[in-house]
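Participant: Sharing a structure with you now.
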Amino acid sequence: MKHITSIKIIVLLSVMLTTLNMSAQETQDPGAMVTDRPDQTESPALVTKGYIQVETGAFFTQEEDEGFKTEAIGYNTTLVRYGLLDNLELRLGLDFVETRFSNDGNEFDNKLSGFTPMLLGVKVGIAEENGVLPKIGLLGHLRLPFAAGSDYKPETTGADFRFSFAHTLSEKSSLSYNLGAQWGDDSPEIAYIYTLVYGYSITNKLGAYVELYGDLPENNSANHLWDAGFTYLLKPNFQLDATIGSGLNTNQDLLVSAGVSFRLPK
């Protein structure tokens, strides 16, 4: 299947980059692994220089409006992060999604299936946390149409940027939030985006979070959603996650997702 092939390509790319980097220099101590999944909030923390971090998983969403139902399954949603410099990481994302439609329980024959536009971007470290001042990062991405399947291929390149902030509240809790904007889907309209997440470490390995997020399009009503979930650090370089959520004022009835994240080299 196409999504399995994409996973092989990503893993192969990860191994090649790791081999090249290790042959050129000794890698630094990576410290604790911090991921950008499973929530919608991007962390200001960067992958340590010389390391590769792969964050992958699957999701299911369901939306219904007056009997018309849309169901989307993301079989493979993968983000590869590479620490290029002490304050710069490169980011590459690939998603394989299938979307089905039905009306009053009758499923339509036509459905959408394939890769969505490739995500290509960077994350820059701006400032470390200092007292009441948060840790700050800046992220920017392009969504490239040429890599998308015909069912999801837009005519124009999409883009987004966001500032990421993180506060340490205590040894076990933290507060993070993003502010930014995005545009795409063949529309020049900008949608301002926000996220706010509270995280709590139940144990050294098990964490929980609850999040509010959404967007405010220029010419349409705002969309507000929530999610919550758990992360489990199975090994220092290997993390599992699970999430559930839905919309507050949107047609999204359900979001569920699960995934894994791992860091190379071990």
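For the structure tokens, the naming scheme is as follows: chains receive sequential letters (A, B, ...) according to their order of presentation, residues are indexed from 1 within each chain, and ligands are indexed from 1 in presentation order.
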List every residue of segment 70-155 of chain A that DSSP, applied to the backbone of this structure, assigns to helix (DSSP H, G or I), and report them as a list of chain:residue names.

Facilitator: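 Going through segment 70-155 of chain A, the helix (DSSP H, G or I) residues come out as A:Pro145, A:Phe146, A:Ala147, A:Ser150, A:Asp151, A:Tyr152.
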
Participant: With N, CA, C and O atoms kept, could you save the residues just selected as a PDB file, in the first residue's frame?

Facilitator:
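As a result, result.pdb now contains:
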```pdb
ATOM      1  N   PRO A 145       2.195  21.350  -2.984  1.00  0.00           N
ATOM      2  CA  PRO A 145       1.190  20.591  -3.734  1.00  0.00           C
ATOM      3  C   PRO A 145       1.761  19.453  -4.564  1.00  0.00           C
ATOM      4  O   PRO A 145       1.072  18.448  -4.785  1.00  0.00           O
ATOM      5  N   PHE A 146       3.006  19.578  -5.048  1.00  0.00           N
ATOM      6  CA  PHE A 146       3.525  18.585  -6.000  1.00  0.00           C
ATOM      7  C   PHE A 146       3.596  17.187  -5.401  1.00  0.00           C
ATOM      8  O   PHE A 146       3.566  16.196  -6.132  1.00  0.00           O
ATOM      9  N   ALA A 147       3.706  17.090  -4.081  1.00  0.00           N
ATOM     10  CA  ALA A 147       3.829  15.782  -3.435  1.00  0.00           C
ATOM     11  C   ALA A 147       2.479  15.175  -3.083  1.00  0.00           C
ATOM     12  O   ALA A 147       2.417  14.058  -2.580  1.00  0.00           O
ATOM     13  N   SER A 150      -3.767  13.178  -6.279  1.00  0.00           N
ATOM     14  CA  SER A 150      -4.692  13.978  -7.086  1.00  0.00           C
ATOM     15  C   SER A 150      -5.944  14.389  -6.313  1.00  0.00           C
ATOM     16  O   SER A 150      -6.505  15.461  -6.551  1.00  0.00           O
ATOM     17  N   ASP A 151      -6.387  13.558  -5.368  1.00  0.00           N
ATOM     18  CA  ASP A 151      -7.595  13.875  -4.606  1.00  0.00           C
ATOM     19  C   ASP A 151      -7.393  15.028  -3.631  1.00  0.00           C
ATOM     20  O   ASP A 151      -8.372  15.658  -3.202  1.00  0.00           O
ATOM     21  N   TYR A 152      -6.154  15.285  -3.248  1.00  0.00           N
ATOM     22  CA  TYR A 152      -5.880  16.316  -2.239  1.00  0.00           C
ATOM     23  C   TYR A 152      -4.949  17.408  -2.756  1.00  0.00           C
ATOM     24  O   TYR A 152      -4.443  18.197  -1.968  1.00  0.00           O
TER      25      TYR A 152
END
```

Participant: Write out as JSON, numbers by chain each polymer residue whose atoms come within 7 Å of Ser261 of chain A, counting only C-alpha atoms; drop sequence neighbours fewer than 5 positions from it.

Facilitator: {"A": [54, 55, 56, 238, 239, 240]}

Participant: Could you write those residues out with all heavy atoms, as a PDB file, in the first residue's frame?

Facilitator:
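Okay, this is what ended up in result23.pdb:
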```pdb
ATOM      1  N   VAL A  54      11.414  10.924  14.848  1.00  0.00           N
ATOM      2  CA  VAL A  54      10.298  10.552  13.990  1.00  0.00           C
ATOM      3  C   VAL A  54       9.045  10.441  14.853  1.00  0.00           C
ATOM      4  O   VAL A  54       9.042   9.723  15.856  1.00  0.00           O
ATOM      5  CB  VAL A  54      10.563   9.221  13.266  1.00  0.00           C
ATOM      6  CG1 VAL A  54       9.392   8.861  12.364  1.00  0.00           C
ATOM      7  CG2 VAL A  54      11.855   9.301  12.456  1.00  0.00           C
ATOM      8  N   GLU A  55       7.988  11.168  14.470  1.00  0.00           N
ATOM      9  CA  GLU A  55       6.731  11.164  15.206  1.00  0.00           C
ATOM     10  C   GLU A  55       5.625  10.765  14.240  1.00  0.00           C
ATOM     11  O   GLU A  55       5.332  11.486  13.293  1.00  0.00           O
ATOM     12  CB  GLU A  55       6.477  12.549  15.801  1.00  0.00           C
ATOM     13  CG  GLU A  55       7.648  13.035  16.675  1.00  0.00           C
ATOM     14  CD  GLU A  55       7.467  14.437  17.202  1.00  0.00           C
ATOM     15  OE1 GLU A  55       6.349  14.994  17.070  1.00  0.00           O
ATOM     16  OE2 GLU A  55       8.437  14.994  17.756  1.00  0.00           O
ATOM     17  N   THR A  56       5.033   9.594  14.470  1.00  0.00           N
ATOM     18  CA  THR A  56       4.086   9.051  13.496  1.00  0.00           C
ATOM     19  C   THR A  56       2.884   8.446  14.204  1.00  0.00           C
ATOM     20  O   THR A  56       2.950   8.105  15.387  1.00  0.00           O
ATOM     21  CB  THR A  56       4.777   7.999  12.614  1.00  0.00           C
ATOM     22  OG1 THR A  56       3.882   7.571  11.592  1.00  0.00           O
ATOM     23  CG2 THR A  56       5.219   6.795  13.434  1.00  0.00           C
ATOM     24  N   PHE A 238      11.660   6.378  23.126  1.00  0.00           N
ATOM     25  CA  PHE A 238      10.486   5.753  22.506  1.00  0.00           C
ATOM     26  C   PHE A 238       9.243   6.079  23.325  1.00  0.00           C
ATOM     27  O   PHE A 238       9.150   5.702  24.492  1.00  0.00           O
ATOM     28  CB  PHE A 238      10.671   4.243  22.407  1.00  0.00           C
ATOM     29  CG  PHE A 238       9.672   3.564  21.519  1.00  0.00           C
ATOM     30  CD1 PHE A 238       9.923   3.401  20.173  1.00  0.00           C
ATOM     31  CD2 PHE A 238       8.476   3.094  22.026  1.00  0.00           C
ATOM     32  CE1 PHE A 238       9.001   2.765  19.348  1.00  0.00           C
ATOM     33  CE2 PHE A 238       7.548   2.463  21.215  1.00  0.00           C
ATOM     34  CZ  PHE A 238       7.823   2.304  19.863  1.00  0.00           C
ATOM     35  N   GLN A 239       8.291   6.790  22.690  1.00  0.00           N
ATOM     36  CA  GLN A 239       7.098   7.256  23.405  1.00  0.00           C
ATOM     37  C   GLN A 239       5.827   6.843  22.672  1.00  0.00           C
ATOM     38  O   GLN A 239       5.753   6.902  21.439  1.00  0.00           O
ATOM     39  CB  GLN A 239       7.127   8.783  23.536  1.00  0.00           C
ATOM     40  CG  GLN A 239       5.892   9.381  24.199  1.00  0.00           C
ATOM     41  CD  GLN A 239       5.983  10.885  24.298  1.00  0.00           C
ATOM     42  OE1 GLN A 239       6.657  11.418  25.181  1.00  0.00           O
ATOM     43  NE2 GLN A 239       5.325  11.591  23.392  1.00  0.00           N
ATOM     44  N   LEU A 240       4.803   6.443  23.444  1.00  0.00           N
ATOM     45  CA  LEU A 240       3.481   6.126  22.924  1.00  0.00           C
ATOM     46  C   LEU A 240       2.518   7.239  23.302  1.00  0.00           C
ATOM     47  O   LEU A 240       2.713   7.931  24.307  1.00  0.00           O
ATOM     48  CB  LEU A 240       2.975   4.802  23.494  1.00  0.00           C
ATOM     49  CG  LEU A 240       3.889   3.583  23.333  1.00  0.00           C
ATOM     50  CD1 LEU A 240       3.287   2.381  24.050  1.00  0.00           C
ATOM     51  CD2 LEU A 240       4.115   3.263  21.866  1.00  0.00           C
TER      52      LEU A 240
END
```

Participant: Given only C-alpha atoms as the basis, pick out the residue of A:Ser43, A:Thr168, A:Thr250, A:Ser113 nearest to Pro134 of chain A.

Facilitator: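 When distances to Pro134 of chain A are compared using only C-alpha atoms, the smallest one comes from A:Thr168.
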
Participant: Dump as JSON lines the rows for residues of segment 109-174 of chain A within 10 Å of segment 189-200 of chain A: closest atom pair and distance in Å with one decimal, only C-alpha atoms counted, ordered by chain and rising residue number.

Facilitator:
```
{"residue": "A:Ala159", "atom": "CA", "partner": "A:Ile190", "partner_atom": "CA", "distance": 9.9}
{"residue": "A:Asp160", "atom": "CA", "partner": "A:Ile193", "partner_atom": "CA", "distance": 9.3}
{"residue": "A:Phe161", "atom": "CA", "partner": "A:Ile193", "partner_atom": "CA", "distance": 9.2}
{"residue": "A:Arg162", "atom": "CA", "partner": "A:Ile193", "partner_atom": "CA", "distance": 8.0}
{"residue": "A:Phe163", "atom": "CA", "partner": "A:Tyr194", "partner_atom": "CA", "distance": 9.7}
{"residue": "A:Ser164", "atom": "CA", "partner": "A:Thr195", "partner_atom": "CA", "distance": 9.3}
{"residue": "A:Phe165", "atom": "CA", "partner": "A:Leu196", "partner_atom": "CA", "distance": 9.6}
{"residue": "A:Ala166", "atom": "CA", "partner": "A:Val197", "partner_atom": "CA", "distance": 9.5}
{"residue": "A:His167", "atom": "CA", "partner": "A:Tyr198", "partner_atom": "CA", "distance": 9.8}
{"residue": "A:Thr168", "atom": "CA", "partner": "A:Gly199", "partner_atom": "CA", "distance": 9.7}
{"residue": "A:Leu169", "atom": "CA", "partner": "A:Gly199", "partner_atom": "CA", "distance": 9.6}
{"residue": "A:Ser170", "atom": "CA", "partner": "A:Tyr200", "partner_atom": "CA", "distance": 9.3}
{"residue": "A:Glu171", "atom": "CA", "partner": "A:Tyr200", "partner_atom": "CA", "distance": 9.1}
{"residue": "A:Lys172", "atom": "CA", "partner": "A:Tyr200", "partner_atom": "CA", "distance": 5.5}
{"residue": "A:Ser173", "atom": "CA", "partner": "A:Tyr200", "partner_atom": "CA", "distance": 4.4}
{"residue": "A:Ser174", "atom": "CA", "partner": "A:Gly199", "partner_atom": "CA", "distance": 5.3}
```

Participant: Just the strand (DSSP E) stuff from segment 22-213 of chain A, please, per backbone DSSP, written as a VMD selection string.

Facilitator: chain A and resid 52 to 65 68 to 85 88 to 103 106 to 107 112 to 115 118 to 127 135 to 144 158 to 168 173 to 184 187 to 201 206 to 213

Participant: Any idea what's packed within 10 Å of segment 95-97 of chain A, counting only C-alpha atoms, ignoring anything in its chain fewer than 6 positions away? Could you give it as a PyMOL selection string?

Facilitator: chain A and resi 2-4+6-7+56-60+72-79+112-119+148-149+151-152

Participant: Excluding Arg91 of chain A and any residue of its chain fewer than 4 positions from it, enumerate the residues within 8 Å of it, using only C-alpha atoms, and give them as an MDAnalysis selection string.

Facilitator: chainID A and resid 79:82 119:123

Participant: With C-alpha atoms retained, export the selected residues as a JSON list (two decimals), in the first residue's frame.

Facilitator:
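Below you can see out32.json, which holds the result:
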```
[["chain", "number", "residue", "atom", "x", "y", "z"],
["A", 79, "LEU", "CA", 6.71, 14.17, 11.02],
["A", 80, "VAL", "CA", 10.49, 13.80, 10.73],
["A", 81, "ARG", "CA", 12.53, 16.35, 12.71],
["A", 82, "TYR", "CA", 16.29, 16.81, 12.32],
["A", 119, "LEU", "CA", 4.97, 19.65, 4.92],
["A", 120, "LEU", "CA", 8.42, 21.28, 4.75],
["A", 121, "GLY", "CA", 9.55, 23.65, 7.47],
["A", 122, "VAL", "CA", 11.87, 24.79, 10.22],
["A", 123, "LYS", "CA", 11.76, 25.49, 13.93]]
```

Participant: Quick one, how far is atom CA of Asn219 of chain A from atom CA of Ala181 of chain A?

Facilitator: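 Atom CA of Ala181 of chain A lies at a distance of 14.0 Å from atom CA of Asn219 of chain A.
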
Participant: Compare A:Leu264, A:Ala208, A:Val132, A:Val256 by their minimum atom-to-atom distance to Thr48 of chain A, counting only C-alpha atoms, and give me the closest one.

Facilitator: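 For Thr48 of chain A, the nearest of the given residues is A:Leu264.
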
Participant: Taking only C-alpha atoms into account, which of A:Ile244, A:Leu225, A:Leu255, A:Leu179 comes nearest Tyr209 of chain A?

Facilitator: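 Nearest to Tyr209 of chain A: A:Ile244.
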
Participant: Out of A:Leu233, A:Leu85, A:Leu248, A:Leu254, which residue has the shortest atom-to-atom distance to Val34 of chain A when counting only C-alpha atoms?

Facilitator: A:Leu233

Participant: What is the atom CA of Asn87 of chain A-atom CA of Leu139 of chain A distance in Å, reported with one decimal?

Facilitator: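 Between these atoms lies a distance of 11.8 Å.
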
Participant: Hey, what's within 6 Å of Arg263 of chain A if we count only C-alpha atoms and toss same-chain stuff fewer than 5 positions away? As a PyMOL selection string, please?

Facilitator: chain A and resi 52-53+237
